[in-house]
Amino acid sequence: MHPNIGQGANSAFESAAAVVHALTSAKKDVKENKNDNYNWRRSALQNFEATRKPRADIVQRFANLMGVVQATGIEIEDLSISKSQLMNIMEWIELSKNPTPNNDEETHEEDDPILEDDLVDILMKSDPCDYPGVSKLW
């Protein structure tokens, strides 16, 4: 993850908290006989990945995109997203309590910023190597 948006350590803290939550929830399910005593760790890690990966992917993609801007001098206007969309992403990264970008009624809190689906698609399809002056490391 490019360090230019300052999210590396924050992502590590978020991941640590998500792992702890997944493990304690799965262990609680064992005590309540909702989960097999032998498979609770696997279940916990699968739950962690399902809930943590979408946000981590978006933050990493955004950091990579901002790394392209910083490394190449490309103007933000020349990116595939607008300034208002960039602000929306930064607000979501900073303020969202929701671990995934979905905006369904069940997980979305009223005051949480919303990350639009089309913006998620743009980020997930962006490849830093598509921009002039950026080369693959391998």
# chains A, B, ... in the order shown; residues from 1 in each chain; ligands from 1

$ residues_around --residues "segment 59-70 of chain A" --least-positions-apart "2" --cutoff "7 Å" --atoms "only C-alpha atoms" --output "ChimeraX atom specification"
/A:1-2,4-5,55-57,72-76,93,123-124,128

$ residues_around --residues "segment 80-89 of chain A" --least-positions-apart "2" --cutoff "9 Å" --atoms "only C-alpha atoms" --output "list in words"
Ile58, Val59, Phe62, Ile76, Glu77, Asp78, Glu91, Trp92, Ile93, Glu94, Pro113, Ile114, Leu115, Glu116, Leu119, Ile122, Leu123 and Ser126 of chain A

$ atom_distance --atom1 "atom CA of Leu45 of chain A" --atom2 "atom CA of Ala26 of chain A"
9.1 Å

$ atom_distance --atom1 "atom CA of His21 of chain A" --atom2 "atom CA of Arg52 of chain A"
11.0 Å

$ select_by_dssp --residues "segment 11-103 of chain A" --states "alpha helix (DSSP H)" --output "VMD selection string"
chain A and resid 11 to 31 40 to 72 83 to 95

$ atom_distance --atom1 "atom CA of Asn47 of chain A" --atom2 "atom CA of Asp29 of chain A"
12.7 Å
